[in-house]
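So this one's run-v3.cif, mmCIF, C-alpha atoms (C1' of nucleotides):
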data_target
#
loop_
_atom_site.label_atom_id
_atom_site.label_comp_id
_atom_site.auth_asym_id
_atom_site.auth_seq_id
_atom_site.Cartn_x
_atom_site.Cartn_y
_atom_site.Cartn_z
CA MET A 119 -25.56 -21.04 9.10
CA VAL A 120 -23.14 -22.01 11.82
CA LEU A 121 -24.77 -24.97 13.50
CA THR A 122 -22.56 -27.37 15.44
CA THR A 123 -23.22 -30.69 17.10
CA ASP A 124 -22.72 -28.97 20.44
CA ASP A 125 -25.60 -26.62 19.68
CA LEU A 126 -27.84 -29.64 19.47
CA TRP A 127 -26.32 -31.55 22.34
CA HIS A 128 -26.62 -28.53 24.62
CA SER A 129 -30.11 -27.54 23.65
CA PRO A 130 -32.70 -27.88 26.42
CA GLY A 131 -34.99 -30.02 24.29
CA PHE A 132 -32.30 -32.54 23.50
CA LEU A 133 -30.99 -32.69 27.07
CA ILE A 134 -34.46 -33.09 28.53
CA ARG A 135 -35.28 -35.82 26.02
CA ARG A 136 -32.06 -37.62 27.02
CA CYS A 137 -32.90 -37.39 30.69
CA GLN A 138 -36.38 -38.67 30.07
CA GLN A 139 -35.08 -41.67 28.14
CA ILE A 140 -32.81 -42.42 31.07
CA THR A 141 -35.35 -41.97 33.83
CA THR A 142 -37.84 -44.13 31.97
CA ALA A 143 -35.24 -46.84 31.45
CA ILE A 144 -34.27 -46.78 35.12
CA PHE A 145 -37.87 -46.97 36.26
CA LEU A 146 -38.62 -49.82 33.87
CA GLU A 147 -35.60 -51.68 35.19
CA GLU A 148 -36.53 -51.21 38.84
CA ALA A 149 -40.14 -52.15 38.14
CA SER A 150 -39.35 -54.92 35.67
CA ALA A 151 -40.58 -57.58 38.08
CA TYR A 152 -44.01 -55.94 38.01
CA ASP A 153 -44.14 -54.97 34.33
CA PHE A 154 -45.16 -51.38 35.02
CA SER A 155 -44.35 -48.22 33.09
CA PRO A 156 -43.90 -44.88 34.87
CA THR A 157 -47.25 -43.74 33.51
CA GLN A 158 -49.09 -46.82 34.70
CA TYR A 159 -47.49 -46.33 38.08
CA SER A 160 -48.58 -42.71 38.25
CA ALA A 161 -52.12 -43.66 37.30
CA LEU A 162 -52.37 -46.47 39.83
CA ALA A 163 -50.87 -44.29 42.52
CA PHE A 164 -53.41 -41.53 41.96
CA ILE A 165 -56.25 -43.99 41.96
CA VAL A 166 -55.09 -45.45 45.26
CA MET A 167 -54.63 -42.00 46.74
CA GLN A 168 -57.94 -40.70 45.39
CA PRO A 169 -60.25 -43.67 45.06
CA GLY A 170 -63.32 -42.83 43.00
CA VAL A 171 -61.48 -40.33 40.83
CA ASP A 172 -62.86 -40.06 37.30
CA GLN A 173 -60.78 -40.51 34.17
CA SER A 174 -60.71 -36.85 33.19
CA THR A 175 -59.40 -35.78 36.57
CA LEU A 176 -56.85 -38.57 36.45
CA GLY A 177 -55.70 -37.23 33.10
CA ASP A 178 -55.49 -33.71 34.47
CA CYS A 179 -53.41 -34.88 37.42
CA THR A 180 -51.04 -37.06 35.43
CA ALA A 181 -50.78 -34.84 32.34
CA LEU A 182 -52.28 -37.43 30.04
CA ASP A 183 -54.87 -36.73 27.37
CA ARG A 184 -58.14 -38.58 27.63
CA SER A 185 -57.47 -41.24 25.03
CA SER A 186 -54.19 -42.11 26.70
CA VAL A 187 -56.02 -42.36 30.00
CA THR A 188 -58.52 -44.71 28.41
CA LYS A 189 -55.78 -47.06 27.28
CA CYS A 190 -53.84 -46.79 30.51
CA VAL A 191 -56.74 -47.62 32.80
CA GLU A 192 -57.87 -50.33 30.39
CA ARG A 193 -54.59 -52.13 30.93
CA LEU A 194 -54.78 -51.62 34.69
CA GLU A 195 -58.29 -52.99 34.71
CA GLN A 196 -57.39 -56.01 32.58
CA ARG A 197 -54.63 -56.85 35.01
CA ASN A 198 -57.09 -56.49 37.87
CA PHE A 199 -55.34 -53.62 39.62
CA ILE A 200 -58.31 -51.28 39.41
CA LYS A 201 -62.03 -51.47 38.78
CA ARG A 202 -64.19 -48.97 36.95
CA GLU A 203 -67.73 -48.02 37.85
CA ILE A 204 -70.18 -45.78 36.12
CA CYS A 205 -70.66 -42.70 38.25
CA GLN A 206 -74.26 -42.51 39.41
CA ALA A 207 -74.32 -38.73 39.61
CA ASP A 208 -72.98 -38.38 36.04
CA ARG A 209 -73.35 -41.51 34.01
CA ARG A 210 -70.87 -40.31 31.39
CA ALA A 211 -68.08 -40.50 33.94
CA ARG A 212 -66.27 -43.60 35.16
CA ARG A 213 -65.06 -43.69 38.72
CA LEU A 214 -61.83 -45.60 39.28
CA TYR A 215 -61.11 -47.68 42.37
CA PRO A 216 -58.09 -49.77 43.26
CA THR A 217 -58.53 -53.46 43.89
CA THR A 218 -56.83 -55.19 46.79
CA GLU A 219 -54.23 -56.43 44.33
CA GLY A 220 -53.78 -52.88 43.08
CA GLU A 221 -53.16 -51.56 46.56
CA ALA A 222 -50.68 -54.32 47.27
CA MET A 223 -48.94 -53.73 43.97
CA LEU A 224 -48.59 -50.04 44.69
CA VAL A 225 -46.59 -50.82 47.81
CA ASP A 226 -44.04 -52.71 45.74
CA LEU A 227 -44.12 -50.12 42.99
CA ALA A 228 -43.58 -47.27 45.40
CA ALA A 229 -40.46 -49.02 46.63
CA ALA A 230 -39.30 -49.49 43.05
CA ALA A 231 -40.04 -45.84 42.29
CA ASP A 232 -38.00 -44.83 45.30
CA ARG A 233 -35.05 -46.92 44.14
CA ALA A 234 -35.38 -45.32 40.71
CA ARG A 235 -35.50 -41.88 42.25
CA CYS A 236 -32.31 -42.55 44.18
CA ARG A 237 -30.50 -43.81 41.12
CA ILE A 238 -31.64 -40.81 39.09
CA LEU A 239 -30.53 -38.25 41.66
CA ALA A 240 -27.35 -40.11 42.61
CA PRO A 241 -25.04 -38.19 40.24
CA LEU A 242 -26.12 -34.86 41.71
CA LYS A 243 -24.70 -33.34 44.85
CA PRO A 244 -27.35 -33.11 47.57
CA GLU A 245 -27.55 -29.33 47.29
CA GLU A 246 -27.92 -29.57 43.51
CA ARG A 247 -30.94 -31.83 43.77
CA ASP A 248 -33.35 -29.33 45.26
CA THR A 249 -32.30 -26.66 42.81
CA PHE A 250 -32.70 -29.04 39.90
CA LEU A 251 -36.11 -30.28 40.98
CA SER A 252 -37.34 -26.76 41.70
CA THR A 253 -36.23 -25.58 38.30
CA LEU A 254 -37.97 -28.49 36.59
CA GLN A 255 -41.09 -27.75 38.59
CA HIS A 256 -40.92 -24.05 37.81
CA LEU A 257 -40.45 -24.74 34.11
CA GLY A 258 -43.33 -27.18 34.01
CA ASP A 259 -45.62 -24.80 35.86
CA ALA A 260 -44.70 -21.79 33.78
CA LEU A 261 -45.12 -23.57 30.46
CA ASN A 262 -47.93 -25.85 31.55
CA ASP A 263 -50.50 -24.53 29.11
CA GLN A 264 -48.12 -24.86 26.17
CA SER A 265 -48.16 -28.62 26.58
CA ARG A 266 -50.61 -30.68 24.59
CA ALA A 267 -51.92 -32.33 27.76
CA PRO A 268 -51.74 -29.59 30.39
CA MET A 269 -52.15 -30.41 34.04
CA GLN A 270 -55.13 -29.10 35.95
CA ALA A 271 -55.29 -29.37 39.68
CA THR A 272 -59.03 -28.97 40.12
CA SER A 273 -61.16 -32.07 40.30
CA ARG A 274 -64.18 -32.36 38.03
CA LEU A 275 -66.30 -34.46 40.34
CA GLU A 276 -67.07 -34.00 43.99
CA ASP A 277 -64.75 -35.90 46.24
CA ALA A 278 -65.48 -39.59 45.88
CA THR A 279 -65.86 -40.14 49.58
CA ALA A 280 -68.68 -37.61 49.54
CA GLY A 281 -70.38 -39.04 46.47
CA MET B 59 -47.60 -46.44 53.12
CA VAL B 60 -47.65 -42.68 53.13
CA LEU B 61 -47.65 -41.72 49.49
CA THR B 62 -49.03 -38.32 48.55
CA THR B 63 -49.75 -36.67 45.24
CA ASP B 64 -46.88 -34.31 45.94
CA ASP B 65 -44.49 -37.24 46.13
CA LEU B 66 -45.39 -38.03 42.56
CA TRP B 67 -45.56 -34.47 41.32
CA HIS B 68 -42.14 -33.72 42.79
CA SER B 69 -40.40 -36.85 41.63
CA PRO B 70 -37.67 -36.30 39.06
CA GLY B 71 -39.18 -38.78 36.62
CA PHE B 72 -42.53 -37.07 36.61
CA LEU B 73 -41.07 -33.57 36.35
CA ILE B 74 -38.74 -34.53 33.54
CA ARG B 75 -41.56 -36.23 31.67
CA ARG B 76 -43.63 -33.04 32.02
CA CYS B 77 -40.85 -30.88 30.71
CA GLN B 78 -40.31 -33.19 27.80
CA GLN B 79 -43.99 -33.07 26.88
CA ILE B 80 -43.77 -29.30 26.93
CA THR B 81 -40.54 -28.94 24.99
CA THR B 82 -41.82 -31.33 22.34
CA ALA B 83 -45.09 -29.43 22.04
CA ILE B 84 -43.27 -26.12 21.73
CA PHE B 85 -40.93 -27.45 19.07
CA LEU B 86 -43.79 -28.98 17.12
CA GLU B 87 -45.60 -25.68 17.23
CA GLU B 88 -42.62 -23.65 16.06
CA ALA B 89 -41.86 -26.17 13.32
CA SER B 90 -45.48 -26.84 12.39
CA ALA B 91 -45.06 -25.14 9.03
CA TYR B 92 -42.41 -27.72 8.16
CA ASP B 93 -43.98 -30.79 9.76
CA PHE B 94 -40.85 -31.80 11.63
CA SER B 95 -40.48 -33.51 14.99
CA PRO B 96 -37.54 -32.74 17.29
CA THR B 97 -36.02 -36.11 16.45
CA GLN B 98 -36.28 -35.61 12.72
CA TYR B 99 -34.70 -32.20 13.16
CA SER B 100 -31.80 -33.65 15.16
CA ALA B 101 -31.27 -36.32 12.54
CA LEU B 102 -31.32 -33.91 9.62
CA ALA B 103 -29.06 -31.50 11.46
CA PHE B 104 -26.45 -34.19 12.10
CA ILE B 105 -26.58 -35.34 8.52
CA VAL B 106 -26.02 -31.81 7.29
CA MET B 107 -23.19 -31.28 9.76
CA GLN B 108 -21.60 -34.65 9.05
CA PRO B 109 -22.53 -35.60 5.51
CA GLY B 110 -21.77 -39.24 4.80
CA VAL B 111 -22.45 -40.33 8.36
CA ASP B 112 -23.78 -43.87 8.64
CA GLN B 113 -27.00 -44.80 10.40
CA SER B 114 -25.37 -46.39 13.42
CA THR B 115 -23.27 -43.34 14.13
CA LEU B 116 -26.31 -41.16 13.66
CA GLY B 117 -28.11 -43.27 16.23
CA ASP B 118 -25.18 -42.99 18.63
CA CYS B 119 -25.12 -39.21 18.25
CA THR B 120 -28.84 -38.69 18.60
CA ALA B 121 -29.49 -41.40 21.22
CA LEU B 122 -31.79 -43.38 18.98
CA ASP B 123 -31.71 -47.14 18.59
CA ARG B 124 -31.13 -48.51 15.13
CA SER B 125 -34.72 -49.37 14.29
CA SER B 126 -35.82 -45.86 15.20
CA VAL B 127 -33.04 -44.50 13.02
CA THR B 128 -34.29 -46.65 10.17
CA LYS B 129 -37.76 -45.18 10.43
CA CYS B 130 -36.53 -41.65 10.93
CA VAL B 131 -34.20 -41.57 7.91
CA GLU B 132 -36.82 -43.38 5.84
CA ARG B 133 -39.20 -40.48 6.37
CA LEU B 134 -36.47 -37.94 5.65
CA GLU B 135 -35.59 -39.77 2.46
CA GLN B 136 -39.21 -40.04 1.34
CA ARG B 137 -39.59 -36.31 1.76
CA ASN B 138 -36.41 -35.80 -0.23
CA PHE B 139 -34.41 -34.12 2.52
CA ILE B 140 -31.64 -36.72 2.49
CA LYS B 141 -30.34 -39.44 0.24
CA ARG B 142 -28.83 -42.75 1.25
CA GLU B 143 -25.95 -44.52 -0.44
CA ILE B 144 -24.41 -47.87 0.18
CA CYS B 145 -20.96 -47.34 1.63
CA GLN B 146 -18.35 -48.74 -0.73
CA ALA B 147 -15.88 -49.56 2.01
CA ASP B 148 -18.50 -51.47 4.04
CA ARG B 149 -21.48 -52.47 1.98
CA ARG B 150 -23.56 -53.17 5.10
CA ALA B 151 -23.53 -49.51 5.97
CA ARG B 152 -25.56 -46.69 4.43
CA ARG B 153 -24.06 -43.27 4.19
CA LEU B 154 -26.48 -40.40 4.62
CA TYR B 155 -26.23 -37.14 2.69
CA PRO B 156 -28.47 -34.09 2.76
CA THR B 157 -30.13 -32.98 -0.44
CA THR B 158 -30.26 -29.35 -1.44
CA GLU B 159 -33.82 -29.26 -0.12
CA GLY B 160 -32.61 -30.78 3.12
CA GLU B 161 -29.96 -28.14 3.57
CA ALA B 162 -32.43 -25.38 2.85
CA MET B 163 -34.96 -26.90 5.21
CA LEU B 164 -32.41 -27.06 7.99
CA VAL B 165 -31.95 -23.31 7.82
CA ASP B 166 -35.63 -22.79 8.52
CA LEU B 167 -35.69 -25.54 11.11
CA ALA B 168 -32.70 -24.11 12.96
CA ALA B 169 -34.56 -20.83 13.25
CA ALA B 170 -37.63 -22.65 14.53
CA ALA B 171 -35.46 -24.58 17.00
CA ASP B 172 -33.99 -21.33 18.23
CA ARG B 173 -37.44 -19.85 18.77
CA ALA B 174 -38.40 -23.00 20.66
CA ARG B 175 -35.26 -22.78 22.76
CA CYS B 176 -36.07 -19.21 23.70
CA ARG B 177 -39.61 -20.06 24.68
CA ILE B 178 -38.44 -23.02 26.74
CA LEU B 179 -35.82 -21.05 28.66
CA ALA B 180 -37.93 -17.90 28.98
CA PRO B 181 -39.34 -18.72 32.43
CA LEU B 182 -35.83 -19.11 33.89
CA LYS B 183 -33.67 -16.28 35.07
CA PRO B 184 -30.55 -15.95 32.89
CA GLU B 185 -28.30 -17.21 35.66
CA GLU B 186 -30.57 -20.19 36.26
CA ARG B 187 -30.33 -21.30 32.66
CA ASP B 188 -26.69 -22.32 32.64
CA THR B 189 -27.06 -24.14 35.93
CA PHE B 190 -30.12 -25.97 34.66
CA LEU B 191 -28.54 -26.98 31.36
CA SER B 192 -25.31 -28.06 33.05
CA THR B 193 -27.22 -30.20 35.49
CA LEU B 194 -29.21 -31.84 32.71
CA GLN B 195 -26.00 -32.46 30.83
CA HIS B 196 -24.27 -33.86 33.88
CA LEU B 197 -27.19 -36.15 34.64
CA GLY B 198 -27.36 -37.38 31.08
CA ASP B 199 -23.64 -38.04 30.96
CA ALA B 200 -23.49 -39.76 34.31
CA LEU B 201 -26.41 -42.05 33.60
CA ASN B 202 -25.80 -42.41 29.89
CA ASP B 203 -25.19 -46.14 29.93
CA GLN B 204 -28.37 -46.76 31.92
CA SER B 205 -30.44 -45.57 29.00
CA ARG B 206 -31.69 -48.06 26.51
CA ALA B 207 -30.17 -46.10 23.64
CA PRO B 208 -26.96 -44.71 25.09
CA MET B 209 -25.02 -42.05 23.24
CA GLN B 210 -21.58 -42.80 21.90
CA ALA B 211 -19.38 -40.06 20.61
CA THR B 212 -17.04 -42.16 18.50
CA SER B 213 -17.82 -42.55 14.84
CA ARG B 214 -17.91 -46.02 13.38
CA LEU B 215 -16.75 -45.07 9.89
CA GLU B 216 -13.86 -42.94 8.82
CA ASP B 217 -14.81 -39.37 8.21
CA ALA B 218 -16.94 -39.21 5.11
CA THR B 219 -14.81 -36.54 3.51
CA ALA B 220 -11.86 -38.94 3.72
CA GLY B 221 -13.78 -41.91 2.36
"C1'" DT C 269 -8.56 -70.21 4.03
"C1'" DG C 270 -12.71 -71.57 6.60
"C1'" DG C 271 -15.95 -70.79 10.02
"C1'" DA C 272 -17.58 -68.46 14.10
"C1'" DA C 273 -18.51 -64.05 15.93
"C1'" DT C 274 -19.56 -59.40 15.12
"C1'" DT C 275 -21.73 -55.55 12.94
"C1'" DA C 276 -25.17 -52.68 9.82
"C1'" DG C 277 -29.51 -52.48 8.69
"C1'" DT C 278 -34.47 -54.11 8.16
"C1'" DT C 279 -38.68 -55.95 9.75
"C1'" DT C 280 -42.19 -57.15 12.98
"C1'" DG C 281 -44.41 -56.53 17.19
"C1'" DC C 282 -45.60 -53.90 21.05
"C1'" DA C 283 -46.23 -49.86 24.27
"C1'" DT C 284 -46.84 -44.96 24.57
"C1'" DA C 285 -49.13 -40.80 23.42
"C1'" DC C 286 -51.56 -37.35 20.67
"C1'" DT C 287 -55.41 -35.85 17.17
"C1'" DG C 288 -59.88 -35.88 15.49
"C1'" DA C 289 -64.30 -37.93 14.92
"C1'" DG C 290 -68.11 -39.74 17.08
"C1'" DC C 291 -71.43 -41.43 20.88
"C1'" DA C 292 -73.86 -40.87 25.12
"C1'" DT C 293 -75.08 -37.92 28.70
"C1'" DT C 294 -75.63 -33.69 31.07
"C1'" DA C 295 -76.14 -28.60 31.51
"C1'" DG C 296 -77.81 -24.11 30.09
"C1'" DG C 297 -80.74 -20.91 27.95
"C1'" DT C 298 -85.22 -19.73 26.15
"C1'" DA D 229 -89.97 -28.97 27.97
"C1'" DC D 230 -86.80 -28.32 24.12
"C1'" DC D 231 -82.78 -27.60 21.73
"C1'" DT D 232 -78.18 -26.40 21.63
"C1'" DA D 233 -73.49 -26.55 24.36
"C1'" DA D 234 -70.54 -28.78 26.55
"C1'" DT D 235 -68.60 -32.80 28.75
"C1'" DG D 236 -66.83 -37.80 29.58
"C1'" DC D 237 -65.37 -41.35 27.18
"C1'" DT D 238 -64.23 -44.46 23.20
"C1'" DC D 239 -62.34 -45.52 18.76
"C1'" DA D 240 -59.52 -45.14 14.57
"C1'" DG D 241 -55.49 -43.28 12.81
"C1'" DT D 242 -50.76 -41.79 13.18
"C1'" DA D 243 -46.04 -41.00 15.01
"C1'" DT D 244 -42.42 -42.22 18.24
"C1'" DG D 245 -39.45 -45.47 20.21
"C1'" DC D 246 -37.55 -49.94 21.93
"C1'" DA D 247 -36.86 -55.21 21.69
"C1'" DA D 248 -36.09 -59.32 19.28
"C1'" DA D 249 -35.43 -61.89 15.27
"C1'" DC D 250 -33.63 -61.85 10.90
"C1'" DT D 251 -30.47 -61.00 6.57
"C1'" DA D 252 -26.29 -59.57 4.64
"C1'" DA D 253 -21.62 -58.27 4.99
"C1'" DT D 254 -17.39 -58.07 7.46
"C1'" DT D 255 -13.86 -59.29 10.88
"C1'" DC D 256 -11.27 -62.24 13.63
"C1'" DC D 257 -8.55 -66.05 14.32
"C1'" DA D 258 -7.05 -70.59 14.40
#

Give the structure from the file, written as structure tokens.
Amino acid sequence: MVLTTDDLWHSPGFLIRRCQQITTAIFLEEASAYDFSPTQYSALAFIVMQPGVDQSTLGDCTALDRSSVTKCVERLEQRNFIKREICQADRRARRLYPTTEGEAMLVDLAAAADRARCRILAPLKPEERDTFLSTLQHLGDALNDQSRAPMQATSRLEDATAG
Amino acid sequence: MVLTTDDLWHSPGFLIRRCQQITTAIFLEEASAYDFSPTQYSALAFIVMQPGVDQSTLGDCTALDRSSVTKCVERLEQRNFIKREICQADRRARRLYPTTEGEAMLVDLAAAADRARCRILAPLKPEERDTFLSTLQHLGDALNDQSRAPMQATSRLEDATAG
DNA sequence: TGGAATTAGTTTGCATACTGAGCATTAGGT
DNA sequence: ACCTAATGCTCAGTATGCAAACTAATTCCA
């Protein structure tokens, strides 16, 4: 067996893991004043953008399994950024709505996320960025169903504004 | 505020997180017969390649903080894939050595890792792969010190074969 | 040489994220 | 209508990973 350290350091899994560590750290730093993780930010953002979304759809859109969604929205609810209501049409489901505080927080968080995004892409030449992001997107789409929490674009419930 | 779902889905942090979920899932699947995580594989691989390495250096090479290294090598030791010895030259440090089982296991794991690597890169055109990996590498290098567990190439102890 | 600072490792605590089991509710088929 | 699926969610258990506090050993330097 002829395995070298470079084989590991150059493997896609290792490199992607490294980049994820870094992007998480940068986001946490930019959002440190608000005590938000990238996942909590994604969840809150989706809830603000699609008020009334149910937890399963939120999980499908953010690539989180249902138990992770439960914990995530629990924390958001405890901190009064969202509220949860039993869906009348399907009482198993919980519809998620942002609070006023949640909407205000998202404004700050979006700014923090934008700062993080700039810092992350800073080392890349402008023309590299699109290629890089497209490739990541392509990879994620192509291998989506091999993940343990695949994304699904379709919403389970009718649009909240119609329900 | 004009935030759309696409803003989130196209952000580098989200895309990288997705790809990491996927690469981890693929590795776990390929290595399921051996019950190894990508991190445990990296650790075992480094220990086989650099027998006598200490835990801090292992952490520097695998981008793990020291408490994560402690847990990781603990599991490897419990499963009899490595052994740990107090370094005579510096009795604070623990030198890590693979066992015969560990070396044999790495052969199987390296094959599993290679299968994973192929599956991960499969959706990309051959010419895209190098660009993608180089960009990941470049990003990781450039932002290395912004991670919470930065990599450091330099070894803390003298080479084990010399000690 | 003595004492402060540094370093290696462990432990505890916390957040994240997945699995599998289980509960409540709804949907489908007869 | 009834009974079985399936679905939405929760809970317990487990693994990963980082921070902070701690112990033990070493280094630095006056």

For region 269-280 of chain C, please output as a CSV table (one decimal) with C-alpha atoms (C1' of nucleotides), in the coordinates of the input all residues within 8 Å (counting only C-alpha atoms (C1' of nucleotides); exclusion window: fewer than 3 positions along the same chain).
chain,number,residue,atom,x,y,z
B,114,SER,CA,-25.4,-46.4,13.4
B,124,ARG,CA,-31.1,-48.5,15.1
B,125,SER,CA,-34.7,-49.4,14.3
B,128,THR,CA,-34.3,-46.6,10.2
B,150,ARG,CA,-23.6,-53.2,5.1
B,151,ALA,CA,-23.5,-49.5,6.0
D,250,DC,C1',-33.6,-61.8,10.9
D,254,DT,C1',-17.4,-58.1,7.5
D,255,DT,C1',-13.9,-59.3,10.9
D,256,DC,C1',-11.3,-62.2,13.6

- Evaluate the PyMOL selection byres ((chain D and resi 238) around 12) and report residues as a PyMOL selection string: (chain A and resi 184-189+192+210) or (chain C and resi 289-292) or (chain D and resi 236-237+239-240)

- Task: List the residues selected by the PyMOL selection byres ((chain A) within 12 of (chain C)) in the file shown, writing them as number ranges by chain.
- Result: A: 142, 153-158, 181-190, 193, 204-211, 265-267

- Correct to one decimal, the distance CA of Gly131 (chain A)-CA of Arg76 (chain B) is 12.0 Å

- Message: Could you tell me which residues of chain D sit within 8 Å of chain B when counting all atoms listed in the file, and give me the result as a PyMOL selection string?
- Response: chain D and resi 245-246+252-254

- Check: which chain A residues lie within 7 Å of chain B using only C-alpha atoms, as number ranges by chain: A: 119, 122-123, 130-131, 133-141, 143-144, 164, 167, 225, 235, 241, 250-251, 254-255, 257-258, 260-261, 264-266

- Note on the structure: A straight line from CA of Met163 (chain B) to CA of Leu86 (chain B) spans 15.0 Å

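If you look at CA of Ala101 (chain B) and CA of Leu116 (chain B), they are 7.0 Å away from each other.
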
Once you add 5 Å to each side, what are the centre and edge lengths of the axis-aligned box holding all listed atoms of region 93-102 of chain B? One decimal in Å, as AutoDock Vina command-line options, if you can.
--center_x -37.6 --center_y -33.6 --center_z 13.5 --size_x 22.7 --size_y 15.5 --size_z 17.7

- Query: On this structure, which residues satisfy the PyMOL selection byres ((chain B and resi 154) around 10), written as a PyMOL selection string?
  - Reply: chain B and resi 102+104-106+108-113+116+131+135+140-145+151-153+155-157+218
